[in-house]
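Heads up: the structure comes next, in C-alpha cells.
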Amino acid sequence: MPRCSFDFPWASPVHASFRQLLDGVPRSKRRLHQEFHAGVAVGCQDRKFAAARPIREMDVNAAAYWSERYRRGETGWDLGGETPVLRELLQRGSFPVPAQDAGRKGRILVPGCGYGHDVVLLARRGYDVVAVDFAPEPLGWLGEQLSRKGLAAQLLCVDLFELPQHLSEPVDAVWEYTCYCALDPRRRDEYFAILRQVLRAQGWLVGLFFPLSSEPLGEGPPFPVSREEVLAFGQRHGFVLRQRLVPQSSHPARRGREELFVFQKVS
Ligand SMILES: C[S@@+](CC[C@H](N)C(=O)[O-])C[C@H]1O[C@@H](n2cnc3c(N)ncnc32)[C@H](O)[C@@H]1O
C-alpha cells in the first residue's frame, strides 16, 4: 500500500504547490471539525485513532488516514469555498444536467466531497445531491452547514468503492474534483468502474482533474494526474468525451494545472 506524505518534503512542483494551499486553511474550520463528533452523517461510526502514529506511515486507502488529516487540520486541498469552475458552469447553464427537469430534480453525486462546499452550492441551486466521504469529520461539518442554510443533501459516510450497495437509485451526473488524485493510483481504474456503475444510462461524468503533471507518480496524495490516463479510463469504461477545456475561472493557485473533462456514459 502506498504510504502517505503530508510530512514528507514536497519536493516536486506539484507537491510544493499543494502544500502552499495549507496556508489558506481557515482556523475556524479546524476548530469546528475538531469539536464535531462523528455520527451526524448516515453510516458514520465512532472511530478510534492512533494519533501518535506518523501520518506518512498510514494507508491512503483507509478512512483512518483521512480522518487523521482532518483532525490535525492538514487539509491543504480545501479551497475554503465552492469551486469557481463549478460555479461558472452552473451560472452559464453549461452543467449538462439541469437542476429541474419535468418536475424532477437532477441527482448529482459528489465523491470524496470533503467539507463539501460544492455540495452546498449544488443543493442551493436546487439539485438532489448525494455527498460521499468515508471520513466522518468533514461530513459532520457539512451537515451543520447545510442545516444552517436550510438546505438538504444525502450525506453518505461510506467507502466509495462500496457505493453501489448504498445508493437507492442511480445518479444523473458525477461532479469529480480532487477525489481522483486522492485515491491510490492503482485504484483509479476501479474508481471509473464504480462511477460508471452508479450513473444512469446516458449519465454524465463531469470531472475537473487536478493536479495535472507529466511527472511520474510520486508520493502522495495528491497523486499527479495525466490527461492521457483520464481519457484512457473514460474510453475503457464506456464514456464518450463530449467536452474538455482548461478553464480560466480556476482558483488562482490551480489555474493551468487543472482541466475539465465532460464525459457521457454511452454503452
Ligand atoms: C483531497 S480530499 C478532496 C475533498 C474535496 N473534494 C475538496 O475538493 O475539498 C479527498 C477526499 O476524498 C475522501 N476519500 C478518499 N478515499 C475515499 C474513499 N475510498 N471513499 C470515500 N471517500 C474517500 C477523503 O476522505 C477526502 O475527504
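Labels for the C-alpha cells follow display order: chains A, B, ..., residues from 1 in each chain, ligands from 1.
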
**Near-ligand residues for ligand 1, threshold 9 Å, only C-alpha atoms and all ligand atoms, as JSON, numbers by chain** = {"A": [60, 61, 62, 63, 64, 65, 66, 67, 69, 70, 75, 76, 77, 78, 79, 80, 81, 82, 83, 110, 111, 112, 113, 114, 115, 116, 117, 118, 132, 133, 134, 135, 136, 137, 138, 139, 156, 157, 158, 159, 160, 161, 162, 163, 176, 177, 178, 179, 180, 181, 182, 183, 184, 191, 221, 222]}

Suppose we keep C-alpha atoms; can you now write the selection as a CSV table (one decimal), in the first residue's frame?
```
chain,number,residue,atom,x,y,z
A,60,VAL,CA,-4.2,6.3,1.9
A,61,ASN,CA,-6.9,3.6,1.2
A,62,ALA,CA,-8.1,3.7,4.8
A,63,ALA,CA,-10.6,6.2,6.2
A,64,ALA,CA,-8.4,6.5,9.3
A,65,TYR,CA,-5.7,8.2,7.3
A,66,TRP,CA,-8.1,10.9,6.0
A,67,SER,CA,-9.8,11.3,9.4
A,69,ARG,CA,-5.6,14.6,8.4
A,70,TYR,CA,-8.9,16.3,9.2
A,75,THR,CA,-6.4,19.8,4.7
A,76,GLY,CA,-4.4,21.7,2.2
A,77,TRP,CA,-6.7,20.7,-0.7
A,78,ASP,CA,-9.6,22.6,0.8
A,79,LEU,CA,-10.3,25.9,-1.0
A,80,GLY,CA,-12.4,27.2,1.8
A,81,GLY,CA,-15.3,27.7,-0.6
A,82,GLU,CA,-17.1,26.4,-3.7
A,83,THR,CA,-15.0,25.6,-6.8
A,110,VAL,CA,-20.0,14.3,-5.2
A,111,PRO,CA,-17.5,11.5,-4.4
A,112,GLY,CA,-14.8,12.3,-1.8
A,113,CYS,CA,-16.7,15.5,-1.0
A,114,GLY,CA,-14.6,16.6,2.0
A,115,TYR,CA,-16.1,19.7,3.5
A,116,GLY,CA,-18.5,19.8,0.6
A,117,HIS,CA,-18.6,23.4,-0.4
A,118,ASP,CA,-19.7,22.2,-3.8
A,132,VAL,CA,-19.9,10.7,-0.2
A,133,ASP,CA,-16.8,10.6,2.0
A,134,PHE,CA,-15.6,7.9,4.3
A,135,ALA,CA,-14.1,10.4,6.8
A,136,PRO,CA,-16.8,11.4,9.2
A,137,GLU,CA,-15.2,14.7,10.3
A,138,PRO,CA,-15.9,16.8,7.2
A,139,LEU,CA,-19.4,15.3,6.8
A,156,LEU,CA,-23.1,9.0,3.0
A,157,CYS,CA,-20.2,8.1,5.2
A,158,VAL,CA,-19.0,5.1,3.2
A,159,ASP,CA,-16.1,3.9,1.2
A,160,LEU,CA,-16.9,5.0,-2.4
A,161,PHE,CA,-15.7,1.6,-3.6
A,162,GLU,CA,-18.7,0.2,-1.8
A,163,LEU,CA,-21.1,2.9,-3.0
A,176,GLU,CA,-15.5,14.8,-9.5
A,177,TYR,CA,-13.0,17.2,-8.0
A,178,THR,CA,-9.8,16.2,-6.2
A,179,CYS,CA,-11.1,12.7,-5.3
A,180,TYR,CA,-9.4,11.0,-8.2
A,181,CYS,CA,-6.0,12.5,-7.2
A,182,ALA,CA,-6.5,11.4,-3.6
A,183,LEU,CA,-7.0,7.8,-4.4
A,184,ASP,CA,-4.3,5.1,-4.5
A,191,TYR,CA,-12.9,4.2,-9.5
A,221,PRO,CA,-1.7,12.3,-2.1
A,222,PRO,CA,-2.2,14.2,-4.2
```

**Request:** Enumerate, as a PyMOL selection string, the complete set of residues in region 11-258 of chain A that a backbone-based DSSP assignment places in strand (DSSP E or B).
**Result:** chain A and resi 42+59+100-101+104-105+107-111+128-132+154-156+171-177+199-209+212+220+225+239-245

Those selected residues, please, written with C-alpha atoms and delivered as a PDB file, in the first residue's frame.
```
ATOM      1  CA  VAL A  42     -25.564   8.324   7.602  1.00  0.00           C
ATOM      2  CA  ASP A  59      -2.554   3.818   4.341  1.00  0.00           C
ATOM      3  CA  GLN A 100     -35.033  20.504 -12.535  1.00  0.00           C
ATOM      4  CA  ASP A 101     -36.392  18.572 -15.473  1.00  0.00           C
ATOM      5  CA  ARG A 104     -37.741  16.018 -11.179  1.00  0.00           C
ATOM      6  CA  LYS A 105     -34.530  17.248  -9.555  1.00  0.00           C
ATOM      7  CA  ARG A 107     -29.394  13.950  -8.981  1.00  0.00           C
ATOM      8  CA  ILE A 108     -25.675  14.636  -8.573  1.00  0.00           C
ATOM      9  CA  LEU A 109     -23.040  12.548  -6.825  1.00  0.00           C
ATOM     10  CA  VAL A 110     -20.049  14.275  -5.237  1.00  0.00           C
ATOM     11  CA  PRO A 111     -17.492  11.548  -4.389  1.00  0.00           C
ATOM     12  CA  ASP A 128     -30.672  16.489  -5.287  1.00  0.00           C
ATOM     13  CA  VAL A 129     -27.120  15.890  -4.054  1.00  0.00           C
ATOM     14  CA  VAL A 130     -25.510  12.704  -2.787  1.00  0.00           C
ATOM     15  CA  ALA A 131     -22.278  13.538  -0.968  1.00  0.00           C
ATOM     16  CA  VAL A 132     -19.871  10.717  -0.179  1.00  0.00           C
ATOM     17  CA  GLN A 154     -27.812  12.987   1.329  1.00  0.00           C
ATOM     18  CA  LEU A 155     -24.550  12.503   3.203  1.00  0.00           C
ATOM     19  CA  LEU A 156     -23.100   9.024   2.971  1.00  0.00           C
ATOM     20  CA  VAL A 171     -27.372   9.435 -10.342  1.00  0.00           C
ATOM     21  CA  ASP A 172     -27.676  11.710 -13.373  1.00  0.00           C
ATOM     22  CA  ALA A 173     -24.177  13.125 -13.022  1.00  0.00           C
ATOM     23  CA  VAL A 174     -20.996  12.901 -11.004  1.00  0.00           C
ATOM     24  CA  TRP A 175     -19.073  16.001 -10.026  1.00  0.00           C
ATOM     25  CA  GLU A 176     -15.467  14.837  -9.550  1.00  0.00           C
ATOM     26  CA  TYR A 177     -12.977  17.236  -8.014  1.00  0.00           C
ATOM     27  CA  LEU A 199     -24.566   6.578 -13.243  1.00  0.00           C
ATOM     28  CA  ARG A 200     -27.831   6.160 -15.090  1.00  0.00           C
ATOM     29  CA  ALA A 201     -27.752   5.372 -18.824  1.00  0.00           C
ATOM     30  CA  GLN A 202     -26.633   8.498 -20.708  1.00  0.00           C
ATOM     31  CA  GLY A 203     -25.457   9.975 -17.396  1.00  0.00           C
ATOM     32  CA  TRP A 204     -22.598  12.442 -17.118  1.00  0.00           C
ATOM     33  CA  LEU A 205     -19.189  12.393 -15.527  1.00  0.00           C
ATOM     34  CA  VAL A 206     -18.074  15.992 -15.098  1.00  0.00           C
ATOM     35  CA  GLY A 207     -14.529  15.959 -13.782  1.00  0.00           C
ATOM     36  CA  LEU A 208     -12.173  18.798 -13.060  1.00  0.00           C
ATOM     37  CA  PHE A 209      -8.891  16.911 -12.925  1.00  0.00           C
ATOM     38  CA  LEU A 212      -2.082  17.746 -13.980  1.00  0.00           C
ATOM     39  CA  GLY A 220       1.014  11.439  -2.476  1.00  0.00           C
ATOM     40  CA  VAL A 225      -2.936  13.238 -12.914  1.00  0.00           C
ATOM     41  CA  PHE A 239     -17.733   7.023 -21.729  1.00  0.00           C
ATOM     42  CA  VAL A 240     -17.619   9.388 -24.680  1.00  0.00           C
ATOM     43  CA  LEU A 241     -15.819  12.669 -24.247  1.00  0.00           C
ATOM     44  CA  ARG A 242     -18.265  15.487 -25.027  1.00  0.00           C
ATOM     45  CA  GLN A 243     -16.153  18.436 -23.953  1.00  0.00           C
ATOM     46  CA  ARG A 244     -12.790  19.337 -22.493  1.00  0.00           C
ATOM     47  CA  LEU A 245     -11.314  22.679 -21.625  1.00  0.00           C
TER      48      LEU A 245
END
```

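Between CA of Asp189 (chain A) and CA of Pro54 (chain A) lies a distance of 28.8 Å.
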
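Distances here use only C-alpha atoms; by that measure, the residue among A:Glu258, A:Glu228, A:Glu169, A:Glu74 closest to Val198 (chain A) is A:Glu169.
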
**Å distance separating CA of Gln264 (chain A) from CA of Phe210 (chain A), one decimal place** = 19.8 Å

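Residues in contact range of Gln197 (chain A), defined as at most 9 Å between only C-alpha atoms, with sequence neighbours fewer than 4 positions away removed, read Pro164, Pro170, Phe192 and Ala193 of chain A.
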
Those same residues - N, CA and C atoms - I'd like them written as a PDB file, in the first residue's frame.
```pdb
ATOM      1  N   PRO A 164     -22.145   1.343  -4.677  1.00  0.00           N
ATOM      2  CA  PRO A 164     -23.346   0.786  -5.311  1.00  0.00           C
ATOM      3  C   PRO A 164     -24.310   0.133  -4.314  1.00  0.00           C
ATOM      4  N   PRO A 170     -29.752   5.311  -9.285  1.00  0.00           N
ATOM      5  CA  PRO A 170     -28.585   5.872  -9.971  1.00  0.00           C
ATOM      6  C   PRO A 170     -28.615   7.391  -9.989  1.00  0.00           C
ATOM      7  N   PHE A 192     -13.225   4.516 -11.873  1.00  0.00           N
ATOM      8  CA  PHE A 192     -14.031   4.769 -13.069  1.00  0.00           C
ATOM      9  C   PHE A 192     -15.145   3.725 -13.204  1.00  0.00           C
ATOM     10  N   ALA A 193     -14.817   2.491 -12.878  1.00  0.00           N
ATOM     11  CA  ALA A 193     -15.834   1.431 -12.975  1.00  0.00           C
ATOM     12  C   ALA A 193     -16.993   1.714 -12.010  1.00  0.00           C
TER      13      ALA A 193
END
```

**Request:** Could you please determine the separation between CA of Arg71 (chain A) and CA of Ala153 (chain A) in Å, to one decimal place?
**Result:** 23.4 Å

**Request:** Would you list the contacts of Pro84 (chain A) as an NGL selection string, taking every protein, DNA or RNA residue within 10 Å and counting only C-alpha atoms, but skipping same-chain residues closer than 5 positions in sequence?
**Result:** :A and (79 or 89-90 or 118 or 247-252)

Just to be explicit: take each residue in the selection above, keep N, CA and C atoms, and write the result as a tab-separated table (two decimals), in the first residue's frame.
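Output contents, as saved in again_9.tsv:
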```
chain	number	residue	atom	x	y	z
A	79	LEU	N	-10.32	24.47	-0.53
A	79	LEU	CA	-10.25	25.86	-1.02
A	79	LEU	C	-10.98	26.83	-0.10
A	89	LEU	N	-19.85	27.00	-14.39
A	89	LEU	CA	-20.64	26.07	-15.22
A	89	LEU	C	-22.13	26.22	-14.92
A	90	LEU	N	-22.44	26.33	-13.62
A	90	LEU	CA	-23.85	26.42	-13.23
A	90	LEU	C	-24.44	27.77	-13.64
A	118	ASP	N	-18.94	22.36	-2.58
A	118	ASP	CA	-19.66	22.17	-3.85
A	118	ASP	C	-21.01	21.48	-3.62
A	247	PRO	N	-10.06	25.63	-17.89
A	247	PRO	CA	-10.88	26.78	-17.53
A	247	PRO	C	-10.05	27.98	-17.07
A	248	GLN	N	-10.54	29.14	-17.45
A	248	GLN	CA	-9.91	30.38	-16.99
A	248	GLN	C	-10.39	30.74	-15.59
A	249	SER	N	-11.50	30.15	-15.20
A	249	SER	CA	-12.07	30.51	-13.90
A	249	SER	C	-11.50	29.70	-12.74
A	250	SER	N	-10.47	28.91	-13.00
A	250	SER	CA	-9.87	28.12	-11.92
A	250	SER	C	-9.41	29.00	-10.77
A	251	HIS	N	-9.35	28.43	-9.61
A	251	HIS	CA	-8.75	29.12	-8.46
A	251	HIS	C	-7.32	29.52	-8.88
A	252	PRO	N	-6.91	30.75	-8.52
A	252	PRO	CA	-5.60	31.24	-8.99
A	252	PRO	C	-4.45	30.28	-8.68
```

**helix (DSSP H, G or I) call set, DSSP backbone run, region 185-238 of chain A, as a PyMOL selection string** = chain A and resi 185-198+227-236
